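Quick look at data-v5.cif (mmCIF, C-alpha atoms):
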data_run
loop_
_atom_site.label_atom_id
_atom_site.label_comp_id
_atom_site.auth_asym_id
_atom_site.auth_seq_id
_atom_site.Cartn_x
_atom_site.Cartn_y
_atom_site.Cartn_z
CA MET D 1 -29.49 0.79 21.89
CA ASN D 2 -28.91 3.56 19.37
CA THR D 3 -25.32 4.26 18.32
CA ASP D 4 -23.75 7.60 19.19
CA THR D 5 -22.73 9.37 15.98
CA LEU D 6 -23.46 12.94 17.15
CA TYR D 7 -19.93 14.23 16.60
CA ASP D 8 -18.85 12.01 13.71
CA THR D 9 -19.28 14.71 11.05
CA PRO D 10 -17.62 18.15 11.09
CA HIS D 11 -19.53 21.08 12.65
CA ASP D 12 -18.83 24.65 11.56
CA ALA D 13 -19.35 25.66 15.19
CA VAL D 14 -19.74 23.04 17.92
CA PRO D 15 -22.64 24.02 20.23
CA PRO D 16 -22.34 23.56 24.01
CA PHE D 17 -23.23 20.07 25.20
CA ARG D 18 -26.83 19.68 26.35
CA PHE D 19 -28.82 16.69 27.59
CA ASN D 20 -31.38 17.20 24.84
CA ASP D 21 -33.44 14.73 22.83
CA ALA D 22 -30.55 13.89 20.48
CA VAL D 23 -28.23 13.03 23.39
CA THR D 24 -30.98 11.16 25.24
CA ASP D 25 -31.56 9.00 22.18
CA VAL D 26 -27.94 7.72 22.16
CA PHE D 27 -27.02 8.20 25.82
CA ASP D 28 -26.70 4.53 26.77
CA ASP D 29 -24.18 3.98 23.97
CA MET D 30 -22.43 7.32 24.56
CA ILE D 31 -21.71 6.83 28.25
CA SER D 32 -20.68 3.18 28.01
CA ARG D 33 -18.17 4.02 25.24
CA SER D 34 -16.95 7.21 26.96
CA VAL D 35 -16.60 6.27 30.65
CA PRO D 36 -14.16 3.48 31.59
CA ARG D 37 -15.71 0.61 33.56
CA TYR D 38 -19.08 2.32 33.51
CA ARG D 39 -21.20 -0.82 33.77
CA GLU D 40 -19.06 -2.31 36.53
CA THR D 41 -19.17 0.96 38.48
CA VAL D 42 -22.96 1.17 38.17
CA ALA D 43 -23.34 -2.42 39.40
CA ASP D 44 -21.14 -1.67 42.42
CA ILE D 45 -23.11 1.50 43.20
CA VAL D 46 -26.32 -0.55 43.24
CA ARG D 47 -24.71 -2.99 45.69
CA LEU D 48 -23.45 -0.22 47.98
CA ALA D 49 -26.79 1.59 47.91
CA THR D 50 -28.73 -1.59 48.64
CA GLU D 51 -26.47 -2.34 51.60
CA ALA D 52 -26.89 1.17 53.06
CA PHE D 53 -30.62 1.60 52.47
CA GLN D 54 -32.73 1.89 55.63
CA ASP D 55 -36.38 0.86 55.55
CA ARG D 56 -38.96 3.68 55.45
CA SER D 57 -36.39 6.17 54.20
CA HIS D 58 -35.80 7.96 50.90
CA ILE D 59 -33.25 7.46 48.15
CA TYR D 60 -32.42 10.36 45.86
CA ASP D 61 -30.75 9.69 42.52
CA LEU D 62 -29.70 13.22 41.55
CA GLY D 63 -28.96 13.32 37.85
CA CYS D 64 -30.59 9.95 37.22
CA SER D 65 -30.45 10.25 33.38
CA LEU D 66 -32.12 7.12 31.96
CA GLY D 67 -32.13 5.24 35.27
CA ALA D 68 -28.98 3.13 34.93
CA VAL D 69 -28.80 3.02 38.74
CA SER D 70 -32.40 3.78 39.70
CA MET D 71 -33.94 0.89 37.75
CA PRO D 72 -31.74 -1.99 39.02
CA LEU D 73 -31.71 -0.48 42.52
CA ALA D 74 -35.52 -0.42 42.63
CA GLU D 75 -35.63 -4.00 41.38
CA THR D 76 -33.10 -5.11 43.99
CA LEU D 77 -34.98 -3.44 46.85
CA ASP D 78 -38.17 -5.08 45.56
CA ASN D 79 -41.08 -4.40 47.99
CA ARG D 80 -39.14 -2.99 50.95
CA PRO D 81 -40.78 0.10 52.47
CA GLY D 82 -39.24 3.28 51.11
CA HIS D 83 -39.22 5.70 48.21
CA LEU D 84 -36.76 6.45 45.41
CA TYR D 85 -36.82 9.88 43.80
CA ALA D 86 -35.16 9.85 40.38
CA VAL D 87 -34.27 13.48 39.65
CA ASP D 88 -32.91 15.03 36.46
CA ALA D 89 -32.70 18.58 35.13
CA SER D 90 -33.25 17.37 31.55
CA GLU D 91 -36.90 17.12 30.57
CA ASP D 92 -35.95 14.80 27.70
CA MET D 93 -34.11 12.45 30.05
CA ILE D 94 -36.97 12.33 32.57
CA ARG D 95 -39.49 11.69 29.80
CA ALA D 96 -37.43 8.76 28.47
CA PHE D 97 -36.80 7.42 31.99
CA THR D 98 -40.52 7.56 32.78
CA ARG D 99 -41.26 5.44 29.70
CA ARG D 100 -38.74 2.84 30.88
CA LEU D 101 -40.23 2.90 34.36
CA ASP D 102 -43.74 2.37 32.97
CA ASN D 103 -42.51 -0.67 31.03
CA HIS D 104 -40.81 -2.30 34.04
CA GLN D 105 -42.97 -1.20 36.99
CA PRO D 106 -40.73 -2.32 39.90
CA GLN D 107 -42.35 -3.09 43.26
CA PHE D 108 -40.24 -0.48 45.03
CA THR D 109 -41.82 2.99 44.76
CA VAL D 110 -40.03 5.24 42.25
CA THR D 111 -41.01 8.81 41.40
CA PRO D 112 -39.40 10.60 38.44
CA VAL D 113 -38.80 14.31 39.13
CA HIS D 114 -37.90 16.95 36.56
CA ALA D 115 -35.77 19.38 38.57
CA ARG D 116 -32.23 20.56 39.13
CA ALA D 117 -30.40 18.81 41.94
CA GLN D 118 -29.91 22.23 43.55
CA ASP D 119 -33.68 22.82 43.73
CA ILE D 120 -35.04 19.51 45.01
CA ASP D 121 -36.25 19.23 48.61
CA LEU D 122 -34.16 16.59 50.38
CA HIS D 123 -35.19 14.87 53.63
CA ASN D 124 -35.32 11.51 55.44
CA ALA D 125 -32.64 10.01 53.17
CA SER D 126 -30.48 6.99 53.82
CA VAL D 127 -28.87 7.02 50.35
CA ILE D 128 -28.18 9.92 47.98
CA LEU D 129 -26.52 9.38 44.60
CA LEU D 130 -24.59 11.89 42.49
CA ASN D 131 -23.31 9.91 39.52
CA TYR D 132 -21.51 12.03 36.90
CA THR D 133 -23.72 14.94 38.03
CA LEU D 134 -21.77 17.31 40.28
CA GLN D 135 -19.34 18.03 37.42
CA PHE D 136 -22.19 19.69 35.48
CA ILE D 137 -23.30 21.89 38.40
CA PRO D 138 -21.70 25.37 38.61
CA ALA D 139 -18.71 25.19 40.95
CA ASP D 140 -20.02 27.96 43.20
CA GLU D 141 -23.24 25.97 43.83
CA ARG D 142 -21.63 22.66 44.77
CA GLU D 143 -20.80 23.39 48.41
CA GLU D 144 -24.36 24.42 49.28
CA LEU D 145 -25.79 21.32 47.58
CA LEU D 146 -23.45 19.00 49.47
CA SER D 147 -24.30 20.72 52.77
CA ARG D 148 -28.01 20.19 52.11
CA ILE D 149 -27.34 16.57 51.21
CA TYR D 150 -25.49 16.02 54.49
CA GLN D 151 -28.33 17.57 56.49
CA ALA D 152 -30.91 15.40 54.67
CA LEU D 153 -29.15 12.12 55.46
CA GLN D 154 -30.11 9.99 58.42
CA PRO D 155 -27.38 8.80 60.81
CA LYS D 156 -25.29 6.17 58.96
CA GLY D 157 -26.70 7.45 55.66
CA ILE D 158 -24.38 7.63 52.68
CA LEU D 159 -23.66 9.81 49.67
CA LEU D 160 -22.15 8.10 46.62
CA ILE D 161 -20.42 10.38 44.11
CA THR D 162 -18.80 9.43 40.81
CA GLU D 163 -17.01 12.18 38.90
CA LYS D 164 -14.54 12.94 36.19
CA ILE D 165 -11.53 14.46 37.94
CA THR D 166 -8.39 16.39 37.10
CA ASP D 167 -4.98 15.94 38.71
CA PRO D 168 -2.94 18.94 39.91
CA ASP D 169 0.26 17.33 38.64
CA PRO D 170 0.34 18.16 34.90
CA HIS D 171 2.28 15.01 34.01
CA ILE D 172 -0.15 12.75 35.87
CA ASN D 173 -3.10 14.63 34.44
CA GLU D 174 -1.77 14.23 30.90
CA MET D 175 -1.30 10.51 31.50
CA LEU D 176 -4.89 10.11 32.74
CA ILE D 177 -6.25 12.02 29.75
CA ARG D 178 -4.10 10.05 27.32
CA HIS D 179 -5.39 6.71 28.54
CA HIS D 180 -8.98 7.97 28.60
CA LEU D 181 -8.61 9.00 24.95
CA GLN D 182 -7.18 5.58 24.12
CA PHE D 183 -10.23 4.02 25.76
CA LYS D 184 -12.54 6.11 23.56
CA ARG D 185 -10.62 5.24 20.40
CA ALA D 186 -10.75 1.55 21.30
CA ASN D 187 -14.54 1.93 21.50
CA GLY D 188 -14.78 3.28 17.98
CA TYR D 189 -14.70 7.04 18.46
CA SER D 190 -12.70 8.94 15.82
CA ASP D 191 -10.30 11.75 16.66
CA LEU D 192 -12.81 14.15 15.04
CA ALA D 193 -15.65 12.93 17.27
CA ILE D 194 -13.45 13.10 20.38
CA SER D 195 -12.25 16.61 19.55
CA GLN D 196 -15.71 17.99 18.80
CA LYS D 197 -17.24 16.51 21.93
CA ARG D 198 -14.40 17.97 23.98
CA GLN D 199 -15.23 21.40 22.51
CA ALA D 200 -18.92 20.87 23.32
CA LEU D 201 -18.11 20.07 26.95
CA GLU D 202 -15.82 23.06 27.54
CA ASP D 203 -17.32 25.33 30.22
CA VAL D 204 -20.14 22.76 30.67
CA LEU D 205 -18.36 19.89 32.44
CA ILE D 206 -15.93 21.30 35.02
CA PRO D 207 -13.81 18.59 36.71
CA GLU D 208 -11.95 19.10 39.98
CA SER D 209 -9.21 17.27 41.86
CA ILE D 210 -9.76 14.55 44.44
CA ALA D 211 -8.35 16.91 47.08
CA ILE D 212 -10.89 19.64 46.28
CA HIS D 213 -13.77 17.15 46.36
CA THR D 214 -12.58 15.71 49.67
CA GLU D 215 -12.13 19.12 51.30
CA ARG D 216 -15.59 20.26 50.21
CA LEU D 217 -17.21 17.06 51.46
CA ARG D 218 -15.54 17.41 54.85
CA THR D 219 -16.64 21.04 55.02
CA ALA D 220 -20.20 19.87 54.36
CA GLY D 221 -19.92 17.63 57.42
CA PHE D 222 -18.83 14.23 56.13
CA ALA D 223 -16.23 12.83 58.52
CA HIS D 224 -15.75 9.65 56.48
CA VAL D 225 -14.80 10.16 52.83
CA THR D 226 -12.99 7.51 50.83
CA VAL D 227 -12.23 6.78 47.20
CA TRP D 228 -13.49 3.26 46.55
CA ASN D 229 -13.07 3.15 42.77
CA GLN D 230 -10.90 4.83 40.14
CA CYS D 231 -10.19 4.20 36.48
CA TRP D 232 -8.04 6.84 34.81
CA ASN D 233 -9.73 10.22 35.37
CA PHE D 234 -13.01 8.88 36.78
CA VAL D 235 -13.34 8.47 40.55
CA SER D 236 -16.02 7.23 42.96
CA PHE D 237 -16.34 8.53 46.53
CA TYR D 238 -18.09 6.86 49.46
CA CYS D 239 -19.21 9.47 51.99
CA ALA D 240 -20.77 8.36 55.26
CA LYS D 241 -22.60 10.45 57.86
#

Show me the file's structure as structure tokens.
Amino acid sequence: MNTDTLYDTPHDAVPPFRFNDAVTDVFDDMISRSVPRYRETVADIVRLATEAFQDRSHIYDLGCSLGAVSMPLAETLDNRPGHLYAVDASEDMIRAFTRRLDNHQPQFTVTPVHARAQDIDLHNASVILLNYTLQFIPADEREELLSRIYQALQPKGILLITEKITDPDPHINEMLIRHHLQFKRANGYSDLAISQKRQALEDVLIPESIAIHTERLRTAGFAHVTVWNQCWNFVSFYCAK
């Protein structure tokens, strides 16, 4: 695993964050040091997805990055009949994921797809995953995507979303941010690196409140929406059809 040092030195002008080759190269380290309880959350997502999967259906991992969920999920499902589509808008991410897939070759069928989540054809799904993905999609495109996801799910199918959120109460929001920053510092990030990455993510990662997420999901058709996991300003939703 390569160490994330992308923002350790001063930049005259910090460019917008992109999932390019440089980020792909250090992504495993970056996300585990930036997102509280990341590994535990991923492991729980794999368990929930395995439990909900229906034979001869599709799984879509939208924003699969390097396959942190797709790879162990495919290994867990082993040779059950079905198909997992691992989708990412970053060509660099899909290229790196495909190399990992070639090295592991799980029995469960996995197809890497280079595409935006908004553009992929969705159908016959029992599980759809949006892990740290919706926050990077323009806000005015999120409702349509969630509606298409709902329509693509079979009865009793599920959507699992994990997102960075904001709280409408400024005092609570400040507390969540403060503890998230402490988590990053405890994992070796300097104040300079934290500040520069925050600048890079401005207007790229747009978080929303739990209430906004829940309302949009219910508008899309999901009658059952629950928060099953939260650590500071990161939240996981379980949405059942």

Once you count all atoms listed in the file, what closest atom pair and distance in Å to one decimal does each residue of range 149-209 of chain D within 8 Å of range 36-58 of chain D have, with rows by chain and rising residue number, as CSV?
residue,atom,partner,partner_atom,distance
D:Lys156,CA,D:Ala52,CA,7.9
D:Gly157,CA,D:Ala52,CA,6.8
D:Ile158,CA,D:Ala52,CA,6.9
D:Leu160,CA,D:Ile45,CA,7.5
D:His180,CA,D:Pro36,CA,7.5
D:Phe183,CA,D:Pro36,CA,7.1

Checklist entry - If you apply the PyMOL selection byres ((chain D and resi 7) around 12) to this file, what residues do you get, as a ChimeraX atom specification? => result /D:3-6,8-15,17,22-23,26,30,189-200

List the residues matched by the PyMOL selection byres ((chain D and resi 155) around 10) in the displayed structure as a PDB file with C-alpha atoms, in the frame of the given file, ordered by chain and then by residue number.
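Dumped to selection.pdb:
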ATOM      1  CA  ASN D 124     -35.320  11.510  55.440  1.00  0.00           C
ATOM      2  CA  ALA D 125     -32.640  10.010  53.170  1.00  0.00           C
ATOM      3  CA  SER D 126     -30.480   6.990  53.820  1.00  0.00           C
ATOM      4  CA  TYR D 150     -25.490  16.020  54.490  1.00  0.00           C
ATOM      5  CA  GLN D 151     -28.330  17.570  56.490  1.00  0.00           C
ATOM      6  CA  ALA D 152     -30.910  15.400  54.670  1.00  0.00           C
ATOM      7  CA  LEU D 153     -29.150  12.120  55.460  1.00  0.00           C
ATOM      8  CA  GLN D 154     -30.110   9.990  58.420  1.00  0.00           C
ATOM      9  CA  LYS D 156     -25.290   6.170  58.960  1.00  0.00           C
ATOM     10  CA  GLY D 157     -26.700   7.450  55.660  1.00  0.00           C
ATOM     11  CA  ILE D 158     -24.380   7.630  52.680  1.00  0.00           C
ATOM     12  CA  ALA D 240     -20.770   8.360  55.260  1.00  0.00           C
ATOM     13  CA  LYS D 241     -22.600  10.450  57.860  1.00  0.00           C
TER      14      LYS D 241
END

Checklist entry - Which one of D:Leu181, D:Ala186, D:Leu176, D:Leu73 sits closest to Gln230 in chain D if you count only C-alpha atoms? => result D:Leu176

Next on the checklist: I'd like the neighbourhood of Thr24 in chain D as a list in words, where a residue qualifies if any of its atoms comes within 8 Å (using only C-alpha atoms), though same-chain residues fewer than 4 positions away should be ignored.
Outcome noted: Phe19, Asn20, Leu66, Asp92, Met93 and Ala96 of chain D

Checklist entry - If we count all atoms listed in the file, what is near Asp78 in chain D at a cut-off of 10 Å, once residues fewer than 6 positions away on the same chain are taken out, given as a ChimeraX atom specification? => result /D:72,106-109

Item to check | Distance of CA of Phe97 in chain D from CA of Val69 in chain D, expressed in Å to one decimal place | outcome: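 Pair CA of Val69 in chain D / CA of Phe97 in chain D returns 11.4 Å.
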
Next on the checklist: Since I can't run it myself right now, could you work out what the PyMOL selection byres ((chain D and resi 213-223) around 10) selects here and report it as an MDAnalysis selection string?
Outcome noted: chainID D and resid 142:151 158:159 161 163 165 207:212 224:227 237:241

Checklist entry - Any idea what the distance is between CA of Val235 in chain D and CA of Glu202 in chain D? => result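 Result for CA of Val235 in chain D versus CA of Glu202 in chain D: 19.7 Å, one decimal.
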
Checklist entry - Which of these, D:Asp140, D:Asp29, D:Asp167, D:Asp121, has the shortest distance to Gly188 in chain D once you count only C-alpha atoms? => result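 Of all the options, D:Asp29 lies closest to Gly188 in chain D.
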
Checklist entry - Counting all atoms listed in the file, which of D:Ile137, D:Ala74, D:Leu84, D:Leu129 gets nearest to Pro112 in chain D? => result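 Nearest candidate to Pro112 in chain D out of D:Ile137, D:Ala74, D:Leu84, D:Leu129: D:Leu84.
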
Next on the checklist: Report, in Å with one decimal, the straight-line distance from CA of Asp119 in chain D to CA of Arg95 in chain D.
Outcome noted: 18.8 Å

Next on the checklist: So, with only C-alpha atoms as the atoms that count, which of D:Ala117, D:Val35, D:Met175, D:Val204 lies closest to Cys64 in chain D?
Outcome noted: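 Ranking D:Ala117, D:Val35, D:Met175, D:Val204 by distance to Cys64 in chain D, first place goes to D:Ala117.
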
Item to check | Among the residues D:His114, D:Asp169, D:Lys164, D:Leu205, the one that comes closest to Asn229 in chain D [using all atoms listed in the file] | outcome: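 So, comparing all the options, the nearest one is D:Lys164.
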
Checklist entry - So which one's closest to Leu62 in chain D, D:Val110, D:Ser34, D:Leu101, D:Arg116? Using all atoms listed in the file, please. => result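 Closest to Leu62 in chain D, using all atoms listed in the file: D:Arg116.
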
Please list as a PDB file with C-alpha atoms, in the coordinates of the input every residue within 7 Å of Asp61 in chain D, counting only C-alpha atoms and excluding residues in the same chain fewer than 3 positions away.
ATOM      1  CA  CYS D  64     -30.590   9.950  37.220  1.00  0.00           C
ATOM      2  CA  SER D  70     -32.400   3.780  39.700  1.00  0.00           C
ATOM      3  CA  TYR D  85     -36.820   9.880  43.800  1.00  0.00           C
ATOM      4  CA  ALA D  86     -35.160   9.850  40.380  1.00  0.00           C
ATOM      5  CA  VAL D  87     -34.270  13.480  39.650  1.00  0.00           C
ATOM      6  CA  ILE D 128     -28.180   9.920  47.980  1.00  0.00           C
ATOM      7  CA  LEU D 129     -26.520   9.380  44.600  1.00  0.00           C
ATOM      8  CA  LEU D 130     -24.590  11.890  42.490  1.00  0.00           C
TER       9      LEU D 130
END
